[in-house]
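Peer 1: query-v2.cif is the file, holding mmCIF, C-alpha atoms:
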```
data_data
loop_
_atom_site.group_PDB
_atom_site.id
_atom_site.type_symbol
_atom_site.label_atom_id
_atom_site.label_comp_id
_atom_site.auth_asym_id
_atom_site.auth_seq_id
_atom_site.Cartn_x
_atom_site.Cartn_y
_atom_site.Cartn_z
ATOM 1 C CA MET A 209 0.000 0.000 0.000
ATOM 2 C CA SER A 210 1.517 3.334 -1.036
ATOM 3 C CA THR A 211 1.425 6.395 1.155
ATOM 4 C CA SER A 212 2.125 10.025 0.401
ATOM 5 C CA SER A 213 2.027 13.373 2.153
ATOM 6 C CA ALA A 214 -0.451 16.183 1.633
ATOM 7 C CA TRP A 215 -1.622 19.416 3.223
ATOM 8 C CA LEU A 216 -5.065 19.461 4.813
ATOM 9 C CA LEU A 217 -6.676 22.884 4.329
ATOM 10 C CA THR A 218 -9.484 24.338 6.436
ATOM 11 C CA LEU A 219 -11.606 26.487 4.139
ATOM 12 C CA GLY A 220 -13.621 28.682 6.482
ATOM 13 C CA SER A 221 -16.066 27.030 8.826
ATOM 14 C CA SER A 222 -17.723 24.499 6.541
ATOM 15 C CA TYR A 223 -15.305 22.759 4.249
ATOM 16 C CA GLN A 224 -11.905 21.204 4.042
ATOM 17 C CA ALA A 225 -9.755 20.165 1.101
ATOM 18 C CA ALA A 226 -6.261 18.950 0.393
ATOM 19 C CA VAL A 227 -3.363 19.734 -1.902
ATOM 20 C CA GLY A 228 -0.183 17.806 -2.557
ATOM 21 C CA LEU A 229 2.799 18.393 -0.321
ATOM 22 C CA ARG A 230 4.720 20.237 -3.025
ATOM 23 C CA ASP A 231 1.745 22.289 -4.146
ATOM 24 C CA MET A 232 1.891 24.627 -1.146
ATOM 25 C CA VAL A 233 5.017 26.746 -1.130
ATOM 26 C CA HIS A 234 4.388 29.398 1.515
ATOM 27 C CA LEU A 235 1.945 30.491 4.191
ATOM 28 C CA ILE A 236 1.184 34.136 4.982
ATOM 29 C CA ALA A 237 -0.468 34.872 8.331
ATOM 30 C CA GLY A 238 -2.625 37.992 8.477
ATOM 31 C CA ALA A 239 -1.979 38.808 4.849
ATOM 32 C CA GLU A 240 -2.559 42.352 3.651
ATOM 33 C CA THR A 241 -5.004 42.162 0.769
ATOM 34 C CA PHE A 242 -5.778 44.463 -2.148
ATOM 35 C CA GLU A 243 -9.201 44.565 -3.733
ATOM 36 C CA VAL A 244 -9.783 44.269 -7.485
ATOM 37 C CA PRO A 245 -13.170 45.684 -8.549
ATOM 38 C CA GLN A 246 -15.436 43.836 -10.949
ATOM 39 C CA ALA A 247 -13.796 40.481 -10.268
ATOM 40 C CA PRO A 248 -15.681 37.368 -9.059
ATOM 41 C CA PHE A 249 -16.876 37.851 -5.467
ATOM 42 C CA TYR A 250 -14.795 34.892 -4.299
ATOM 43 C CA CYS A 251 -11.673 36.128 -6.041
ATOM 44 C CA ASP A 252 -11.667 39.917 -5.742
ATOM 45 C CA GLN A 253 -8.632 40.125 -3.462
ATOM 46 C CA THR A 254 -4.927 39.825 -4.131
ATOM 47 C CA VAL A 255 -1.868 39.462 -1.929
ATOM 48 C CA LEU A 256 1.710 40.460 -2.630
ATOM 49 C CA TRP A 257 4.320 37.721 -2.481
ATOM 50 C CA GLN A 258 7.902 37.922 -3.635
ATOM 51 C CA GLY A 259 7.176 40.964 -5.751
ATOM 52 C CA ASN A 260 4.218 39.356 -7.501
ATOM 53 C CA ILE A 261 0.483 40.015 -7.372
ATOM 54 C CA ILE A 262 -1.199 36.767 -6.380
ATOM 55 C CA PRO A 263 -4.968 36.214 -6.742
ATOM 56 C CA LEU A 264 -6.574 35.076 -3.485
ATOM 57 C CA ILE A 265 -9.534 32.705 -3.708
ATOM 58 C CA ASP A 266 -12.122 32.089 -1.005
ATOM 59 C CA ILE A 267 -13.104 28.517 -1.899
ATOM 60 C CA GLU A 268 -15.745 28.393 0.826
ATOM 61 C CA GLY A 269 -17.484 31.473 -0.552
ATOM 62 C CA TRP A 270 -17.295 30.023 -4.040
ATOM 63 C CA LEU A 271 -18.837 26.745 -2.891
ATOM 64 C CA LYS A 272 -21.599 28.538 -0.999
ATOM 65 C CA GLY A 273 -22.214 30.968 -3.838
ATOM 66 C CA ALA A 274 -22.103 33.909 -1.463
ATOM 67 C CA VAL A 275 -19.657 36.256 0.149
ATOM 68 C CA THR A 276 -18.470 34.899 3.491
ATOM 69 C CA ASP A 277 -17.716 37.066 6.476
ATOM 70 C CA ASN A 278 -14.537 35.137 7.207
ATOM 71 C CA ASP A 279 -11.491 37.159 8.096
ATOM 72 C CA ILE A 280 -8.601 36.225 5.872
ATOM 73 C CA LYS A 281 -6.451 34.707 8.576
ATOM 74 C CA TYR A 282 -4.031 32.796 6.404
ATOM 75 C CA ALA A 283 -3.157 32.855 2.724
ATOM 76 C CA ALA A 284 -1.628 29.636 1.456
ATOM 77 C CA ILE A 285 0.543 30.316 -1.575
ATOM 78 C CA VAL A 286 0.170 27.387 -3.956
ATOM 79 C CA ALA A 287 1.995 26.534 -7.169
ATOM 80 C CA TYR A 288 0.576 25.011 -10.326
ATOM 81 C CA GLN A 289 1.721 24.237 -13.825
ATOM 82 C CA ALA A 290 0.419 26.698 -16.411
ATOM 83 C CA GLN A 291 1.425 25.847 -19.929
ATOM 84 C CA ASP A 292 5.193 25.587 -19.695
ATOM 85 C CA LYS A 293 5.787 27.457 -16.475
ATOM 86 C CA ILE A 294 4.958 27.472 -12.804
ATOM 87 C CA GLU A 295 2.421 30.012 -11.609
ATOM 88 C CA TYR A 296 1.190 30.883 -8.141
ATOM 89 C CA GLY A 297 -2.157 31.461 -6.516
ATOM 90 C CA ALA A 298 -3.369 31.905 -2.941
ATOM 91 C CA LEU A 299 -6.105 30.145 -0.965
ATOM 92 C CA SER A 300 -7.856 31.746 1.984
ATOM 93 C CA LEU A 301 -7.648 29.527 5.071
ATOM 94 C CA SER A 302 -9.101 29.863 8.548
ATOM 95 C CA THR A 303 -6.404 27.794 10.284
ATOM 96 C CA PRO A 304 -2.845 26.841 9.399
ATOM 97 C CA PRO A 305 -2.580 23.831 7.068
ATOM 98 C CA GLN A 306 -1.980 20.455 8.633
ATOM 99 C CA ARG A 307 0.426 17.960 7.126
ATOM 100 C CA ILE A 308 -1.127 14.535 6.778
ATOM 101 C CA GLN A 309 -0.118 11.100 5.508
ATOM 102 C CA VAL A 310 -2.578 9.545 3.110
ATOM 103 C CA GLU A 311 -2.958 6.046 1.717
ATOM 104 C CA ASP A 312 -4.559 4.759 -1.468
ATOM 105 C CA SER A 313 -7.253 3.115 0.631
ATOM 106 C CA GLN A 314 -8.526 6.569 1.661
ATOM 107 C CA SER A 315 -9.614 7.344 -1.893
ATOM 108 C CA CYS A 316 -13.354 8.004 -2.200
ATOM 109 C CA LEU A 317 -15.922 9.599 -4.509
ATOM 110 C CA LEU A 318 -16.147 13.367 -4.827
ATOM 111 C CA PRO A 319 -19.192 14.843 -3.097
ATOM 112 C CA GLU A 320 -22.192 15.575 -5.309
ATOM 113 C CA ASP A 321 -23.069 18.699 -3.412
ATOM 114 C CA PRO A 322 -22.021 21.418 -3.922
ATOM 115 C CA VAL A 323 -21.597 20.470 -7.573
ATOM 116 C CA LEU A 324 -18.653 22.847 -7.836
ATOM 117 C CA TRP A 325 -16.488 20.338 -5.969
ATOM 118 C CA ARG A 326 -16.502 18.109 -9.052
ATOM 119 C CA LYS A 327 -15.350 20.958 -11.246
ATOM 120 C CA ILE A 328 -12.440 22.169 -9.148
ATOM 121 C CA SER A 329 -11.148 18.877 -7.736
ATOM 122 C CA ASN A 330 -9.427 15.961 -9.373
ATOM 123 C CA ALA A 331 -9.681 13.325 -6.641
ATOM 124 C CA CYS A 332 -11.022 12.849 -3.152
ATOM 125 C CA LEU A 333 -9.896 11.389 0.158
ATOM 126 C CA ASN A 334 -11.627 10.227 3.276
ATOM 127 C CA VAL A 335 -9.724 11.915 6.091
ATOM 128 C CA GLN A 336 -10.906 10.673 9.462
ATOM 129 C CA GLY A 337 -14.426 10.266 8.153
ATOM 130 C CA ILE A 338 -14.557 13.617 6.400
ATOM 131 C CA VAL A 339 -14.797 13.717 2.604
ATOM 132 C CA THR A 340 -11.841 15.843 1.505
ATOM 133 C CA PRO A 341 -11.517 16.818 -2.174
ATOM 134 C CA ILE A 342 -8.052 17.324 -3.642
ATOM 135 C CA LEU A 343 -8.006 20.687 -5.379
ATOM 136 C CA ASP A 344 -7.076 21.023 -9.052
ATOM 137 C CA LEU A 345 -5.110 24.235 -8.771
ATOM 138 C CA ALA A 346 -4.599 24.735 -12.516
ATOM 139 C CA ILE A 347 -8.350 24.631 -13.074
ATOM 140 C CA ILE A 348 -9.040 26.947 -10.152
ATOM 141 C CA PHE A 349 -6.567 29.667 -11.073
ATOM 142 C CA HIS A 350 -6.077 29.213 -14.772
ATOM 143 C CA THR A 351 -9.622 28.961 -16.105
ATOM 144 C CA LEU A 352 -12.090 31.730 -16.796
ATOM 145 C CA PRO A 353 -14.933 31.738 -14.225
ATOM 146 C CA GLU A 354 -17.543 31.490 -16.977
ATOM 147 C CA ASP A 355 -15.969 28.221 -18.097
ATOM 148 C CA ILE A 356 -16.318 26.686 -14.633
ATOM 149 C CA SER A 357 -19.736 27.881 -13.500
ATOM 150 C CA MET B 216 -14.486 17.942 -14.601
ATOM 151 C CA VAL B 217 -13.600 21.219 -16.254
ATOM 152 C CA THR B 218 -10.798 21.386 -18.774
ATOM 153 C CA SER B 219 -8.667 24.444 -18.354
ATOM 154 C CA LYS B 220 -8.186 26.435 -21.507
ATOM 155 C CA TYR B 221 -4.825 27.455 -20.149
ATOM 156 C CA GLU B 222 -5.322 31.041 -21.070
ATOM 157 C CA ASP B 223 -2.044 32.780 -21.601
ATOM 158 C CA ASN B 224 -2.865 35.022 -18.705
ATOM 159 C CA VAL B 225 0.460 36.073 -17.334
ATOM 160 C CA GLN B 226 1.606 38.217 -20.226
ATOM 161 C CA VAL B 227 2.601 41.759 -19.634
ATOM 162 C CA SER B 228 1.443 44.668 -21.716
ATOM 163 C CA ALA B 229 3.871 46.828 -23.641
ATOM 164 C CA LEU B 230 5.587 49.606 -21.749
ATOM 165 C CA GLN B 231 3.194 52.487 -21.331
ATOM 166 C CA ALA B 232 3.008 55.709 -19.344
ATOM 167 C CA TYR B 233 -0.018 55.917 -17.061
ATOM 168 C CA ALA B 234 -1.904 58.332 -14.896
ATOM 169 C CA LEU B 235 -2.722 56.935 -11.475
ATOM 170 C CA LEU B 236 -6.146 58.051 -10.286
ATOM 171 C CA SER B 237 -7.273 57.673 -6.681
ATOM 172 C CA ILE B 238 -11.020 57.042 -6.571
ATOM 173 C CA ASN B 239 -12.466 56.432 -3.112
ATOM 174 C CA GLY B 240 -9.463 54.323 -2.176
ATOM 175 C CA LEU B 241 -9.177 52.531 -5.517
ATOM 176 C CA ARG B 242 -5.973 53.074 -7.488
ATOM 177 C CA LEU B 243 -6.899 53.150 -11.159
ATOM 178 C CA LEU B 244 -4.383 53.325 -14.008
ATOM 179 C CA ILE B 245 -5.358 54.970 -17.281
ATOM 180 C CA PRO B 246 -2.982 55.384 -20.231
ATOM 181 C CA ARG B 247 -1.671 58.923 -20.046
ATOM 182 C CA ASN B 248 -2.218 59.544 -23.745
ATOM 183 C CA GLU B 249 -5.988 59.120 -23.262
ATOM 184 C CA ILE B 250 -6.209 62.123 -20.920
ATOM 185 C CA ARG B 251 -7.040 65.428 -22.584
ATOM 186 C CA SER B 252 -7.464 67.783 -19.657
ATOM 187 C CA LEU B 253 -8.073 68.173 -15.933
ATOM 188 C CA VAL B 254 -10.797 70.456 -14.640
ATOM 189 C CA SER B 255 -12.230 71.323 -11.267
ATOM 190 C CA VAL B 256 -15.325 69.594 -9.974
ATOM 191 C CA ASP B 257 -16.780 73.108 -9.647
ATOM 192 C CA ASP B 258 -17.114 73.163 -13.435
ATOM 193 C CA ILE B 259 -19.478 70.194 -13.514
ATOM 194 C CA HIS B 260 -23.151 70.773 -14.153
ATOM 195 C CA ALA B 261 -25.608 68.602 -12.292
ATOM 196 C CA VAL B 262 -27.373 65.977 -14.339
ATOM 197 C CA VAL B 263 -30.318 67.221 -16.366
ATOM 198 C CA GLU B 264 -30.674 65.116 -19.442
ATOM 199 C CA THR B 265 -27.478 63.311 -19.959
ATOM 200 C CA GLU B 266 -26.155 59.844 -20.435
ATOM 201 C CA GLU B 267 -27.461 57.142 -18.158
ATOM 202 C CA ASN B 268 -25.209 56.513 -15.160
ATOM 203 C CA ALA B 269 -23.577 59.912 -15.511
ATOM 204 C CA MET B 270 -23.854 62.165 -12.460
ATOM 205 C CA GLY B 271 -23.434 65.335 -14.478
ATOM 206 C CA HIS B 272 -22.030 66.865 -17.610
ATOM 207 C CA ILE B 273 -19.294 69.243 -18.580
ATOM 208 C CA VAL B 274 -18.675 71.613 -21.453
ATOM 209 C CA PHE B 275 -15.384 70.948 -23.196
ATOM 210 C CA GLU B 276 -14.198 71.876 -26.690
ATOM 211 C CA ASN B 277 -17.610 73.066 -27.817
ATOM 212 C CA GLY B 278 -19.334 69.897 -26.677
ATOM 213 C CA ASP B 279 -21.337 68.709 -23.716
ATOM 214 C CA TRP B 280 -19.939 65.486 -22.252
ATOM 215 C CA PRO B 281 -21.067 63.079 -19.510
ATOM 216 C CA VAL B 282 -19.226 62.995 -16.192
ATOM 217 C CA PHE B 283 -19.051 59.834 -14.118
ATOM 218 C CA SER B 284 -18.594 59.512 -10.378
ATOM 219 C CA LEU B 285 -17.607 55.985 -9.358
ATOM 220 C CA SER B 286 -17.455 53.958 -6.195
ATOM 221 C CA ARG B 287 -14.426 51.954 -5.141
ATOM 222 C CA GLN B 288 -16.068 48.989 -6.924
ATOM 223 C CA LEU B 289 -16.526 51.132 -10.050
ATOM 224 C CA SER B 290 -20.278 51.320 -9.653
ATOM 225 C CA PRO B 291 -21.738 54.588 -10.967
ATOM 226 C CA LEU B 292 -22.745 57.080 -8.284
ATOM 227 C CA HIS B 293 -25.212 59.870 -8.796
ATOM 228 C CA SER B 294 -23.411 62.510 -6.791
ATOM 229 C CA ILE B 295 -19.952 63.890 -6.222
ATOM 230 C CA THR B 296 -18.288 62.220 -3.242
ATOM 231 C CA ASP B 297 -16.765 64.338 -0.480
ATOM 232 C CA THR B 298 -13.269 63.399 -1.576
ATOM 233 C CA SER B 299 -13.655 64.139 -5.296
ATOM 234 C CA ARG B 300 -11.505 67.086 -6.348
ATOM 235 C CA ILE B 301 -10.682 66.664 -10.015
ATOM 236 C CA CYS B 302 -12.540 65.801 -13.195
ATOM 237 C CA VAL B 303 -10.320 64.021 -15.691
ATOM 238 C CA ILE B 304 -11.379 64.553 -19.295
ATOM 239 C CA LEU B 305 -10.791 61.344 -21.246
ATOM 240 C CA HIS B 306 -10.684 61.070 -24.988
ATOM 241 C CA ILE B 307 -12.543 58.267 -26.724
ATOM 242 C CA ASP B 308 -12.859 58.142 -30.487
ATOM 243 C CA ASN B 309 -14.178 61.605 -31.371
ATOM 244 C CA ASN B 310 -15.849 62.114 -28.024
ATOM 245 C CA TYR B 311 -14.959 62.867 -24.432
ATOM 246 C CA MET B 312 -16.083 61.726 -21.014
ATOM 247 C CA GLY B 313 -15.323 63.045 -17.550
ATOM 248 C CA LEU B 314 -14.216 60.888 -14.636
ATOM 249 C CA LEU B 315 -14.078 62.185 -11.084
ATOM 250 C CA CYS B 316 -11.149 61.351 -8.859
ATOM 251 C CA ASP B 317 -9.623 62.429 -5.579
ATOM 252 C CA GLN B 318 -6.027 62.698 -6.762
ATOM 253 C CA ILE B 319 -4.038 62.067 -9.908
ATOM 254 C CA GLN B 320 -0.353 61.497 -10.471
ATOM 255 C CA ASN B 321 1.756 60.672 -13.472
ATOM 256 C CA ILE B 322 3.825 57.526 -13.376
ATOM 257 C CA GLU B 323 6.557 56.579 -15.748
ATOM 258 C CA GLU B 324 6.360 53.780 -18.272
ATOM 259 C CA GLN B 325 5.347 50.530 -16.655
ATOM 260 C CA GLU B 326 4.600 46.973 -17.688
ATOM 261 C CA VAL B 327 1.178 46.007 -16.425
ATOM 262 C CA LYS B 328 0.504 42.319 -15.895
ATOM 263 C CA ASN B 329 -2.670 41.000 -17.462
ATOM 264 C CA LEU B 330 -5.438 40.032 -15.102
ATOM 265 C CA ARG B 331 -5.238 36.340 -14.217
ATOM 266 C CA ALA B 332 -7.928 34.096 -15.712
ATOM 267 C CA CYS B 333 -9.624 33.387 -12.363
ATOM 268 C CA MET B 334 -10.243 37.117 -11.832
ATOM 269 C CA ARG B 335 -11.668 37.874 -15.255
ATOM 270 C CA ILE B 336 -15.357 38.602 -15.690
ATOM 271 C CA SER B 337 -16.711 39.342 -19.120
ATOM 272 C CA GLY B 338 -17.243 43.076 -19.486
ATOM 273 C CA SER B 339 -15.003 44.046 -16.602
ATOM 274 C CA PRO B 340 -13.141 47.270 -17.290
ATOM 275 C CA ILE B 341 -10.055 46.001 -15.446
ATOM 276 C CA SER B 342 -7.441 44.544 -17.769
ATOM 277 C CA GLY B 343 -4.353 44.257 -15.615
ATOM 278 C CA LEU B 344 -2.607 44.925 -12.334
ATOM 279 C CA LEU B 345 0.550 46.685 -11.256
ATOM 280 C CA ILE B 346 2.396 47.023 -7.970
ATOM 281 C CA TYR B 347 3.090 50.704 -7.447
ATOM 282 C CA GLU B 348 4.527 52.012 -4.177
ATOM 283 C CA ASN B 349 3.643 48.723 -2.456
ATOM 284 C CA VAL B 350 -0.015 48.968 -3.428
ATOM 285 C CA VAL B 351 -1.885 47.124 -6.164
ATOM 286 C CA ALA B 352 -3.192 49.437 -8.892
ATOM 287 C CA CYS B 353 -5.809 48.322 -11.436
ATOM 288 C CA ALA B 354 -5.357 49.145 -15.111
ATOM 289 C CA THR B 355 -8.132 50.066 -17.482
ATOM 290 C CA SER B 356 -8.602 52.143 -20.640
ATOM 291 C CA THR B 357 -11.138 54.757 -21.632
ATOM 292 C CA GLN B 358 -12.596 52.343 -24.174
ATOM 293 C CA ARG B 359 -13.080 49.590 -21.594
ATOM 294 C CA LEU B 360 -14.397 51.967 -18.962
ATOM 295 C CA ASN B 361 -16.885 53.548 -21.339
ATOM 296 C CA ALA B 362 -18.146 50.151 -22.547
ATOM 297 C CA PHE B 363 -18.561 49.042 -18.941
ATOM 298 C CA LEU B 364 -20.461 52.174 -17.904
ATOM 299 C CA VAL B 365 -22.748 52.061 -20.916
ATOM 300 C CA SER B 366 -23.595 48.403 -20.215
ATOM 301 C CA LYS B 367 -24.432 48.969 -16.545
#
```
Once you've parsed the file, please lay out its structure as structure tokens.
Peer 2:
Amino acid sequence: MSTSSAWLLTLGSSYQAAVGLRDMVHLIAGAETFEVPQAPFYCDQTVLWQGNIIPLIDIEGWLKGAVTDNDIKYAAIVAYQAQDKIEYGALSLSTPPQRIQVEDSQSCLLPEDPVLWRKISNACLNVQGIVTPILDLAIIFHTLPEDIS
Amino acid sequence: MVTSKYEDNVQVSALQAYALLSINGLRLLIPRNEIRSLVSVDDIHAVVETEENAMGHIVFENGDWPVFSLSRQLSPLHSITDTSRICVILHIDNNYMGLLCDQIQNIEEQEVKNLRACMRISGSPISGLLIYENVVACATSTQRLNAFLVSK
């Protein structure tokens, strides 16, 4: 049975998800954010990291289809492959990520509700009884919102 | 599952000189060559019969042109905010439009990064972002801004 490491992410008060160990490259506590008008409500903030403007996504708000009143306590900087280069995005978290060991036997079906999970995740794990989608970061950050909704 | 189109969304625009407008806390970049003049808000006439979403109009070069007052989210307002000081006259095709702002400053040629795919909404006037003096400024153009305001 093969095992691997991942980061368990707490997305606000209602959901959790995971990304691969190498997908998360930095964590910013109490990040200063900058608003971008006329952007999707769940992605209208940016953070600065290493001289770059990084889009910050509130996955919980996106899943709920409404603006959340969560403070942005942590911004997880994540990396993904975009065409032939590595790009970065940020995920809004309510607690620091937790490193976990996962086994093949934890694989399970993606939840049917909210339906968005199936569009922004590429696999799913059962972590201590909680269904935990694995986020597809390239889809999340590198696709036009109208092509996902 | 969605298939990403892998938009080439990290390109930078060509070097361009901008004016940086402060609008209710928003930093908005407009190409400097699209600005024709700056006038005082005292020269604005209250709305009578003018373009929808305009809060007033202004006489400039023998014409009568709409003036827009915008919120931080770029929503049209129907009055001049307490912080508005300047009306920027923007040139579009053979017409003009006025845009109220609190402050304006020239900045040298900059490369603006295109807006990332996840932040793009069809019809948004924002085309790119730039870090300027440790703050994120949002780039637009008169053409984009006008199309956005007309569609609202």
Peer 1: Carefully work through the PyMOL selection byres ((chain A and resi 210) around 8) for this structure and note down the residues it includes, as a list in words.
Peer 2: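 After applying the PyMOL selection byres ((chain A and resi 210) around 8), what remains is Met209, Thr211, Ser212, Glu311 and Asp312 of chain A.
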Peer 1: Going by the chain IDs and residue numbers used in this file, which residues fall under the PyMOL selection byres ((chain A and resi 329-344) around 10)? Write them as a compact mmCIF listing (two decimals) with C-alpha atoms, keeping the file's coordinate frame.
Peer 2:
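The result, written out as selection36.txt:
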```txt
# COMPACT_ATOMS: atom_id res chain seq x y z
CA ALA A 214 -0.45 16.18 1.63
CA TRP A 215 -1.62 19.42 3.22
CA LEU A 216 -5.07 19.46 4.81
CA LEU A 217 -6.68 22.88 4.33
CA TYR A 223 -15.30 22.76 4.25
CA GLN A 224 -11.90 21.20 4.04
CA ALA A 225 -9.76 20.16 1.10
CA ALA A 226 -6.26 18.95 0.39
CA VAL A 227 -3.36 19.73 -1.90
CA GLY A 228 -0.18 17.81 -2.56
CA ASP A 231 1.74 22.29 -4.15
CA ILE A 267 -13.10 28.52 -1.90
CA TYR A 288 0.58 25.01 -10.33
CA ILE A 308 -1.13 14.54 6.78
CA GLN A 309 -0.12 11.10 5.51
CA VAL A 310 -2.58 9.54 3.11
CA GLU A 311 -2.96 6.05 1.72
CA ASP A 312 -4.56 4.76 -1.47
CA SER A 313 -7.25 3.12 0.63
CA GLN A 314 -8.53 6.57 1.66
CA SER A 315 -9.61 7.34 -1.89
CA CYS A 316 -13.35 8.00 -2.20
CA LEU A 317 -15.92 9.60 -4.51
CA LEU A 318 -16.15 13.37 -4.83
CA PRO A 319 -19.19 14.84 -3.10
CA LEU A 324 -18.65 22.85 -7.84
CA TRP A 325 -16.49 20.34 -5.97
CA ARG A 326 -16.50 18.11 -9.05
CA LYS A 327 -15.35 20.96 -11.25
CA ILE A 328 -12.44 22.17 -9.15
CA LEU A 345 -5.11 24.24 -8.77
CA ALA A 346 -4.60 24.74 -12.52
CA ILE A 347 -8.35 24.63 -13.07
CA ILE A 348 -9.04 26.95 -10.15
CA PHE A 349 -6.57 29.67 -11.07
CA MET B 216 -14.49 17.94 -14.60
CA VAL B 217 -13.60 21.22 -16.25
```
Peer 1: In Å to one decimal, how far is atom CA of A:Leu299 from atom CA of A:Ile265?
Peer 2: 5.1 Å
Peer 1: With distances taken over all atoms listed in the file, which residue among B:Asn310, B:Ser284, B:Thr355, B:Thr296 lies nearest B:Leu330?
Peer 2: B:Thr355
Peer 1: How many Å lie between atom CA of A:Ser302 and atom CA of A:Lys281, rounded to one decimal?
Peer 2: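 Taking atom CA of A:Ser302 and atom CA of A:Lys281, their separation equals 5.5 Å.
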Peer 1: Enumerate, in order of chain and increasing residue number, the residues of chain B with an atom no farther than 12 Å from chain A, each with its shortest atom pair and distance in Å to one decimal, counting only C-alpha atoms, as JSON lines.
Peer 2:
```
{"residue": "B:Met216", "atom": "CA", "partner": "A:Lys327", "partner_atom": "CA", "distance": 4.6}
{"residue": "B:Val217", "atom": "CA", "partner": "A:Lys327", "partner_atom": "CA", "distance": 5.3}
{"residue": "B:Thr218", "atom": "CA", "partner": "A:Ile347", "partner_atom": "CA", "distance": 7.0}
{"residue": "B:Ser219", "atom": "CA", "partner": "A:Thr351", "partner_atom": "CA", "distance": 5.1}
{"residue": "B:Lys220", "atom": "CA", "partner": "A:Thr351", "partner_atom": "CA", "distance": 6.1}
{"residue": "B:Tyr221", "atom": "CA", "partner": "A:His350", "partner_atom": "CA", "distance": 5.8}
{"residue": "B:Glu222", "atom": "CA", "partner": "A:His350", "partner_atom": "CA", "distance": 6.6}
{"residue": "B:Asp223", "atom": "CA", "partner": "A:Gln291", "partner_atom": "CA", "distance": 7.9}
{"residue": "B:Asn224", "atom": "CA", "partner": "A:His350", "partner_atom": "CA", "distance": 7.7}
{"residue": "B:Val225", "atom": "CA", "partner": "A:Glu295", "partner_atom": "CA", "distance": 8.6}
{"residue": "B:Gln226", "atom": "CA", "partner": "A:Glu295", "partner_atom": "CA", "distance": 11.9}
{"residue": "B:Ile238", "atom": "CA", "partner": "A:Pro245", "partner_atom": "CA", "distance": 11.7}
{"residue": "B:Gly240", "atom": "CA", "partner": "A:Glu243", "partner_atom": "CA", "distance": 9.9}
{"residue": "B:Leu241", "atom": "CA", "partner": "A:Glu243", "partner_atom": "CA", "distance": 8.2}
{"residue": "B:Arg242", "atom": "CA", "partner": "A:Val244", "partner_atom": "CA", "distance": 9.6}
{"residue": "B:Leu243", "atom": "CA", "partner": "A:Val244", "partner_atom": "CA", "distance": 10.0}
{"residue": "B:Leu285", "atom": "CA", "partner": "A:Pro245", "partner_atom": "CA", "distance": 11.2}
{"residue": "B:Ser286", "atom": "CA", "partner": "A:Pro245", "partner_atom": "CA", "distance": 9.6}
{"residue": "B:Arg287", "atom": "CA", "partner": "A:Pro245", "partner_atom": "CA", "distance": 7.2}
{"residue": "B:Gln288", "atom": "CA", "partner": "A:Pro245", "partner_atom": "CA", "distance": 4.7}
{"residue": "B:Leu289", "atom": "CA", "partner": "A:Pro245", "partner_atom": "CA", "distance": 6.6}
{"residue": "B:Ser290", "atom": "CA", "partner": "A:Gln246", "partner_atom": "CA", "distance": 9.0}
{"residue": "B:Val327", "atom": "CA", "partner": "A:Ile261", "partner_atom": "CA", "distance": 10.9}
{"residue": "B:Lys328", "atom": "CA", "partner": "A:Ile261", "partner_atom": "CA", "distance": 8.8}
{"residue": "B:Asn329", "atom": "CA", "partner": "A:Ile261", "partner_atom": "CA", "distance": 10.6}
{"residue": "B:Leu330", "atom": "CA", "partner": "A:Pro263", "partner_atom": "CA", "distance": 9.2}
{"residue": "B:Arg331", "atom": "CA", "partner": "A:His350", "partner_atom": "CA", "distance": 7.2}
{"residue": "B:Ala332", "atom": "CA", "partner": "A:Leu352", "partner_atom": "CA", "distance": 4.9}
{"residue": "B:Cys333", "atom": "CA", "partner": "A:Phe349", "partner_atom": "CA", "distance": 5.0}
{"residue": "B:Met334", "atom": "CA", "partner": "A:Ala247", "partner_atom": "CA", "distance": 5.1}
{"residue": "B:Arg335", "atom": "CA", "partner": "A:Ala247", "partner_atom": "CA", "distance": 6.0}
{"residue": "B:Ile336", "atom": "CA", "partner": "A:Ala247", "partner_atom": "CA", "distance": 5.9}
{"residue": "B:Ser337", "atom": "CA", "partner": "A:Glu354", "partner_atom": "CA", "distance": 8.2}
{"residue": "B:Gly338", "atom": "CA", "partner": "A:Gln246", "partner_atom": "CA", "distance": 8.8}
{"residue": "B:Ser339", "atom": "CA", "partner": "A:Gln246", "partner_atom": "CA", "distance": 5.7}
{"residue": "B:Pro340", "atom": "CA", "partner": "A:Gln246", "partner_atom": "CA", "distance": 7.6}
{"residue": "B:Ile341", "atom": "CA", "partner": "A:Gln246", "partner_atom": "CA", "distance": 7.3}
{"residue": "B:Ser342", "atom": "CA", "partner": "A:Gln246", "partner_atom": "CA", "distance": 10.5}
{"residue": "B:Gly343", "atom": "CA", "partner": "A:Val244", "partner_atom": "CA", "distance": 9.8}
{"residue": "B:Leu344", "atom": "CA", "partner": "A:Ile261", "partner_atom": "CA", "distance": 7.6}
{"residue": "B:Leu345", "atom": "CA", "partner": "A:Ile261", "partner_atom": "CA", "distance": 7.7}
{"residue": "B:Ile346", "atom": "CA", "partner": "A:Ile261", "partner_atom": "CA", "distance": 7.3}
{"residue": "B:Tyr347", "atom": "CA", "partner": "A:Gly259", "partner_atom": "CA", "distance": 10.7}
{"residue": "B:Glu348", "atom": "CA", "partner": "A:Gly259", "partner_atom": "CA", "distance": 11.5}
{"residue": "B:Asn349", "atom": "CA", "partner": "A:Leu256", "partner_atom": "CA", "distance": 8.5}
{"residue": "B:Val350", "atom": "CA", "partner": "A:Phe242", "partner_atom": "CA", "distance": 7.4}
{"residue": "B:Val351", "atom": "CA", "partner": "A:Phe242", "partner_atom": "CA", "distance": 6.2}
{"residue": "B:Ala352", "atom": "CA", "partner": "A:Val244", "partner_atom": "CA", "distance": 8.5}
{"residue": "B:Cys353", "atom": "CA", "partner": "A:Val244", "partner_atom": "CA", "distance": 6.9}
{"residue": "B:Ala354", "atom": "CA", "partner": "A:Val244", "partner_atom": "CA", "distance": 10.1}
{"residue": "B:Thr355", "atom": "CA", "partner": "A:Pro245", "partner_atom": "CA", "distance": 11.2}
{"residue": "B:Leu360", "atom": "CA", "partner": "A:Gln246", "partner_atom": "CA", "distance": 11.5}
{"residue": "B:Phe363", "atom": "CA", "partner": "A:Gln246", "partner_atom": "CA", "distance": 10.0}
{"residue": "B:Leu364", "atom": "CA", "partner": "A:Gln246", "partner_atom": "CA", "distance": 12.0}
{"residue": "B:Lys367", "atom": "CA", "partner": "A:Gln246", "partner_atom": "CA", "distance": 11.8}
```
